[in-house]
>>> print(open('my_file-v8.txt').read())   # compact mmCIF, C-alpha atoms and all ligand atoms
# COMPACT_ATOMS: atom_id res chain seq x y z
CA MET A 1 18.09 21.83 43.62
CA LEU A 2 20.97 23.76 45.25
CA ARG A 3 22.14 22.73 48.71
CA LEU A 4 24.91 24.34 50.75
CA THR A 5 25.96 22.84 54.07
CA ASN A 6 28.38 23.88 56.82
CA ILE A 7 29.81 26.76 54.83
CA ASN A 8 32.69 28.76 56.18
CA LYS A 9 34.69 31.24 54.14
CA ARG A 10 37.56 33.39 55.34
CA TYR A 11 40.01 35.63 53.57
CA GLY A 12 42.94 35.34 55.97
CA SER A 13 41.55 36.20 59.39
CA HIS A 14 38.47 37.93 57.91
CA GLU A 15 35.48 35.60 58.13
CA VAL A 16 32.91 36.50 55.45
CA LEU A 17 30.42 33.61 55.51
CA ASN A 18 29.50 31.16 58.23
CA PHE A 19 26.24 29.22 58.10
CA SER A 20 25.09 25.63 58.48
CA GLU A 21 22.58 25.25 55.68
CA TRP A 22 20.98 26.95 52.67
CA ASN A 23 18.65 25.19 50.23
CA ILE A 24 16.85 26.53 47.20
CA ASN A 25 14.55 24.76 44.75
CA LYS A 26 14.08 25.62 41.09
CA GLY A 27 13.18 29.28 40.63
CA ILE A 28 14.32 32.88 40.38
CA TYR A 29 16.02 34.27 43.47
CA TRP A 30 17.31 37.69 44.36
CA LEU A 31 20.20 37.91 46.79
CA LYS A 32 20.47 41.24 48.58
CA GLY A 33 23.09 42.59 50.92
CA GLY A 34 25.10 45.74 51.45
CA ASN A 35 28.58 46.28 50.04
CA GLY A 36 31.05 43.73 51.29
CA THR A 37 28.50 41.39 52.89
CA GLY A 38 29.67 38.43 50.81
CA LYS A 39 27.36 38.10 47.78
CA SER A 40 30.14 37.72 45.21
CA THR A 41 32.01 35.45 47.60
CA LEU A 42 28.94 33.22 47.89
CA PHE A 43 28.55 33.14 44.10
CA ARG A 44 32.21 32.25 43.64
CA ILE A 45 31.85 29.43 46.16
CA ILE A 46 28.78 28.04 44.40
CA SER A 47 30.46 28.24 41.00
CA GLY A 48 33.55 26.48 42.32
CA GLN A 49 35.97 29.34 41.82
CA ILE A 50 37.42 29.82 45.29
CA PRO A 51 38.41 27.51 48.15
CA PHE A 52 36.02 27.24 51.11
CA ILE A 53 35.00 24.92 53.90
CA GLY A 54 31.72 23.04 53.44
CA GLU A 55 29.72 21.25 50.80
CA VAL A 56 27.80 22.44 47.74
CA GLN A 57 25.47 20.20 45.76
CA LEU A 58 23.40 20.89 42.68
CA ASN A 59 20.66 18.34 42.00
CA GLY A 60 22.60 15.84 44.11
CA VAL A 61 25.90 16.42 42.28
CA SER A 62 28.68 17.41 44.67
CA LEU A 63 31.06 20.21 43.70
CA ARG A 64 33.88 18.43 45.53
CA LYS A 65 33.21 14.88 44.37
CA GLU A 66 32.19 15.54 40.75
CA PRO A 67 33.57 19.00 39.93
CA VAL A 68 33.42 18.68 36.14
CA LYS A 69 29.81 17.44 36.10
CA PHE A 70 28.87 20.05 38.70
CA ARG A 71 30.44 22.93 36.76
CA SER A 72 28.76 21.87 33.53
CA LYS A 73 25.43 22.62 35.15
CA ILE A 74 26.30 26.07 36.54
CA SER A 75 26.96 29.28 34.70
CA PHE A 76 28.27 32.41 36.38
CA ALA A 77 28.39 35.99 35.11
CA GLU A 78 30.81 38.10 37.13
CA ALA A 79 29.76 41.55 38.35
CA GLU A 80 32.73 43.16 36.63
CA PRO A 81 33.74 40.97 33.70
CA GLN A 82 37.33 41.26 32.54
CA TYR A 83 38.58 39.93 29.25
CA PRO A 84 41.78 40.38 27.25
CA LEU A 85 41.32 43.67 25.40
CA PHE A 86 42.51 42.25 22.07
CA ILE A 87 39.90 39.48 21.85
CA LYS A 88 36.88 40.00 19.61
CA GLY A 89 33.37 39.59 21.00
CA LYS A 90 32.71 36.88 18.44
CA GLU A 91 35.84 34.92 19.45
CA LEU A 92 34.79 34.96 23.09
CA ILE A 93 31.26 33.80 22.32
CA ASP A 94 32.65 31.08 20.02
CA PHE A 95 34.89 29.89 22.85
CA TYR A 96 31.92 29.55 25.23
CA THR A 97 29.79 27.95 22.52
CA GLU A 98 32.46 25.36 21.71
CA THR A 99 33.46 24.51 25.28
CA ARG A 100 29.82 24.12 26.26
CA LYS A 101 29.12 22.13 23.08
CA THR A 102 26.22 24.39 22.26
CA ASP A 103 24.38 25.07 19.07
CA ARG A 104 25.74 28.25 17.39
CA LYS A 105 22.19 29.40 16.72
CA GLN A 106 21.60 29.84 20.44
CA ALA A 107 24.58 32.21 20.68
CA LYS A 108 23.47 34.08 17.55
CA ASP A 109 19.96 34.51 18.93
CA LEU A 110 21.35 35.81 22.23
CA ALA A 111 23.60 38.30 20.44
CA ASP A 112 20.64 39.48 18.36
CA HIS A 113 18.43 39.66 21.44
CA PHE A 114 20.89 42.02 23.17
CA GLU A 115 21.55 43.92 19.92
CA MET A 116 25.25 43.03 20.06
CA THR A 117 25.59 41.40 16.64
CA PRO A 118 26.95 44.52 14.87
CA PHE A 119 29.80 44.78 17.39
CA LEU A 120 30.98 41.19 17.55
CA ASP A 121 33.84 41.67 15.05
CA ASN A 122 35.25 44.48 17.20
CA VAL A 123 37.80 43.87 19.94
CA VAL A 124 36.57 43.93 23.52
CA GLY A 125 38.90 46.85 24.27
CA SER A 126 36.67 49.05 22.10
CA TYR A 127 33.46 48.16 23.99
CA SER A 128 31.56 50.49 26.31
CA SER A 129 30.95 49.15 29.84
CA GLY A 130 27.34 48.31 28.96
CA MET A 131 28.43 46.43 25.82
CA LEU A 132 30.99 44.51 27.86
CA LYS A 133 28.31 43.60 30.37
CA LYS A 134 25.97 42.40 27.63
CA LEU A 135 28.78 40.31 26.13
CA SER A 136 29.36 38.69 29.53
CA LEU A 137 25.64 37.96 29.86
CA ILE A 138 25.56 36.35 26.41
CA CYS A 139 28.54 34.17 27.39
CA ALA A 140 26.84 33.22 30.66
CA LEU A 141 23.53 32.41 29.03
CA VAL A 142 24.99 30.27 26.24
CA GLY A 143 24.70 26.57 26.99
CA ASP A 144 22.50 24.30 29.00
CA ALA A 145 23.22 25.07 32.66
CA ASP A 146 20.57 24.33 35.27
CA LEU A 147 21.54 27.29 37.45
CA PHE A 148 22.56 30.72 36.16
CA ILE A 149 24.26 32.98 38.67
CA LEU A 150 24.20 36.61 37.64
CA ASP A 151 26.21 38.96 39.84
CA GLU A 152 24.87 42.50 39.43
CA PRO A 153 23.57 41.91 35.88
CA LEU A 154 21.83 45.28 35.75
CA ILE A 155 24.82 47.53 36.34
CA THR A 156 25.78 49.58 33.27
CA ILE A 157 23.12 48.12 30.94
CA ASP A 158 20.37 50.42 29.67
CA ILE A 159 16.68 50.08 30.54
CA LEU A 160 15.84 48.44 27.23
CA SER A 161 18.54 45.80 27.71
CA ALA A 162 17.44 45.23 31.32
CA GLY A 163 13.92 44.55 30.05
CA LYS A 164 15.32 42.13 27.46
CA LEU A 165 17.32 40.35 30.16
CA ASN A 166 14.25 40.01 32.39
CA LYS A 167 12.28 38.58 29.47
CA LEU A 168 14.98 36.03 28.79
CA ILE A 169 15.24 35.02 32.45
CA THR A 170 11.45 34.56 32.58
CA GLU A 171 11.52 32.43 29.42
CA LYS A 172 14.36 30.23 30.65
CA ALA A 173 12.76 29.85 34.09
CA SER A 174 9.58 28.61 32.39
CA GLN A 175 11.80 25.92 30.78
CA GLY A 176 12.97 24.78 34.23
CA LYS A 177 16.15 26.85 34.57
CA SER A 178 17.00 28.62 37.83
CA PHE A 179 18.52 32.03 38.48
CA LEU A 180 20.38 33.44 41.41
CA ILE A 181 20.74 37.18 40.96
CA SER A 182 22.35 39.90 43.03
CA SER A 183 21.40 43.49 42.49
CA HIS A 184 21.72 46.73 44.39
CA GLN A 185 18.93 48.07 42.20
CA GLU A 186 15.38 47.14 43.20
CA VAL A 187 14.03 44.11 41.38
CA SER A 188 10.25 44.35 41.45
CA ASN A 189 7.80 41.57 40.73
CA ASP A 190 6.52 43.59 37.74
CA GLN A 191 9.95 43.19 36.12
CA LEU A 192 10.71 39.66 37.21
CA LYS A 193 8.59 37.14 39.05
CA LEU A 194 10.86 36.34 41.97
CA ASP A 195 10.31 33.14 43.91
CA LYS A 196 12.16 34.34 47.00
CA VAL A 197 14.37 37.16 48.16
CA TYR A 198 17.35 36.46 50.41
CA GLN A 199 19.79 38.72 52.19
CA ILE A 200 23.22 38.11 53.65
CA ILE A 201 23.35 39.54 57.14
CA ASN A 202 26.24 38.95 59.50
CA LYS A 203 27.71 36.03 57.51
CA GLN A 204 24.39 34.20 57.20
CA ILE A 205 21.63 34.02 54.57
CA PHE A 206 18.10 35.02 55.58
CA GLN A 207 14.88 34.88 53.60
CA LEU A 208 13.12 38.26 53.54
N1 LIG A 301 40.11 38.12 47.23
C1 LIG A 301 39.83 38.69 48.40
N2 LIG A 301 40.79 38.84 49.34
C2 LIG A 301 40.53 39.39 50.55
N3 LIG A 301 39.31 39.83 50.92
C3 LIG A 301 38.32 39.72 50.01
C4 LIG A 301 38.52 39.15 48.73
N4 LIG A 301 37.35 39.16 48.06
C5 LIG A 301 36.46 39.73 48.89
N5 LIG A 301 37.03 40.05 50.07
C6 LIG A 301 36.35 40.65 51.23
O1 LIG A 301 35.24 39.84 51.55
C7 LIG A 301 34.12 40.63 51.90
C8 LIG A 301 32.97 40.28 50.99
O2 LIG A 301 33.27 40.70 49.67
P1 LIG A 301 32.28 40.39 48.46
O3 LIG A 301 32.93 40.92 47.24
O4 LIG A 301 31.87 38.98 48.50
O5 LIG A 301 31.01 41.31 48.88
P2 LIG A 301 29.74 41.76 48.06
O6 LIG A 301 28.56 41.52 48.94
O7 LIG A 301 29.72 41.09 46.73
O8 LIG A 301 30.00 43.32 47.92
P3 LIG A 301 29.52 44.41 46.82
O9 LIG A 301 28.05 44.56 47.00
O10 LIG A 301 30.28 45.62 47.24
O11 LIG A 301 29.91 43.88 45.48
C9 LIG A 301 34.58 42.08 51.81
O12 LIG A 301 34.95 42.49 53.12
C10 LIG A 301 35.80 42.03 50.92
O13 LIG A 301 36.73 43.02 51.25
>>> encode(input="my_file-v8.txt", output="structure tokens", more="lines below")
Ligand SMILES: Nc1ncnc2c1ncn2[C@@H]1O[C@H](COP(=O)(O)OP(=O)(O)OP(=O)(O)O)[C@@H](O)[C@H]1O
Amino acid sequence: MLRLTNINKRYGSHEVLNFSEWNINKGIYWLKGGNGTGKSTLFRIISGQIPFIGEVQLNGVSLRKEPVKFRSKISFAEAEPQYPLFIKGKELIDFYTETRKTDRKQAKDLADHFEMTPFLDNVVGSYSSGMLKKLSLICALVGDADLFILDEPLITIDILSAGKLNKLITEKASQGKSFLISSHQEVSNDQLKLDKVYQIINKQIFQL
């Protein structure tokens, strides 16, 4: 499903990632690694947000050769989402729904699922950090991507919301969707049935 080859990423003289190949099939994957090992960098590479050396393909579609098609099949939720403070939750969700040409009901169901509906007419600047995180997860989960990349989805959300997220991930995975998740918190198989766990060590990705 996802194939990365000959990846090299540097910020100036600081080399963060350097590996020849990484392949994953459909499934739910947890990416581990200490602070600064390159998890967010890897996610930004895969979602086509930063320049890098190498090739990324999703189901045979190349990020470099067919960037629009590639991006339409990937959705990325940043670890620390940042939005203009004056925008309303509803406006942001509408933007994602329209650009991804998605049924409004899907967005409504997601907002209900995360108990965010009562707050959607409020501006983002009034949100707590957990509410902001849930809004970013709703935006990431709207649409019909094949691969959802969730960078630290569990930070700031409460236990109930974390359970709801795990349920949703499990449901979508049963419909053939894949998830690449980073988390500093333990993700146990009771919470989420992980297909594999990977860790970035010394610029390379290893299966644990
Ligand atoms: N825009 C940038 N410019 C320069 N260096 C950067 C930039 N982004 C990340 N880095 C560096 O790249 C390395 C990897 O950072 P990255 O954010 O990918 O790590 P991470 O594994 O996601 O860390 P954490 O678990 O702390 O979120 C770090 O040394 C960081 O300082």
>>> residues_around(input="my_file-v8.txt", residues="A:Asn59", least_positions_apart="6", cutoff="10 Å", atoms="all atoms listed in the file", output="PDB file with C-alpha atoms, in the coordinates of the input")
ATOM      1  CA  MET A   1      18.090  21.830  43.620  1.00  0.00           C
ATOM      2  CA  LEU A   2      20.970  23.760  45.250  1.00  0.00           C
ATOM      3  CA  ARG A   3      22.140  22.730  48.710  1.00  0.00           C
ATOM      4  CA  ASN A  25      14.550  24.760  44.750  1.00  0.00           C
ATOM      5  CA  LYS A  26      14.080  25.620  41.090  1.00  0.00           C
ATOM      6  CA  PHE A  70      28.870  20.050  38.700  1.00  0.00           C
ATOM      7  CA  LYS A  73      25.430  22.620  35.150  1.00  0.00           C
ATOM      8  CA  ASP A 146      20.570  24.330  35.270  1.00  0.00           C
TER       9      ASP A 146
END
>>> residues_near_ligand(input="my_file-v8.txt", ligand="ligand LIG 301 (chain A)", cutoff="12 Å", atoms="all atoms listed in the file", output="PyMOL selection string")
chain A and resi 9-17+31-45+49-51+78-80+150-153+155+181-185+199-205
>>> residues_near_point(input="my_file-v8.txt", point="(41.4, 42.0, 21.9)", cutoff="10 Å", atoms="only C-alpha atoms", output="MDAnalysis selection string")
chainID A and resid 83:89 91:92 122:126
>>> axis_aligned_box(input="my_file-v8.txt", around="stretch 140-154 of chain A", padding_each_side="8 Å", output="JSON")
{"center_x": 23.7, "center_y": 34.8, "center_z": 33.0, "size_x": 22.3, "size_y": 37.0, "size_z": 29.6}
>>> closest_residue(input="my_file-v8.txt", among="A:Asn166, A:Ser20, A:Ser161, A:Ser174", to="A:Ser188", atoms="all atoms listed in the file")
A:Asn166
>>> atom_distance(input="my_file-v8.txt", atom1="atom CA of A:Thr102", atom2="atom CA of A:Val142")
7.2 Å
>>> closest_residue(input="my_file-v8.txt", among="A:Asn8, A:Ser136, A:Gly27, A:Gly54", to="A:Ile169", atoms="all atoms listed in the file")
A:Gly27
>>> atom_distance(input="my_file-v8.txt", atom1="atom CA of A:Thr170", atom2="atom CA of A:Lys105")
19.8 Å
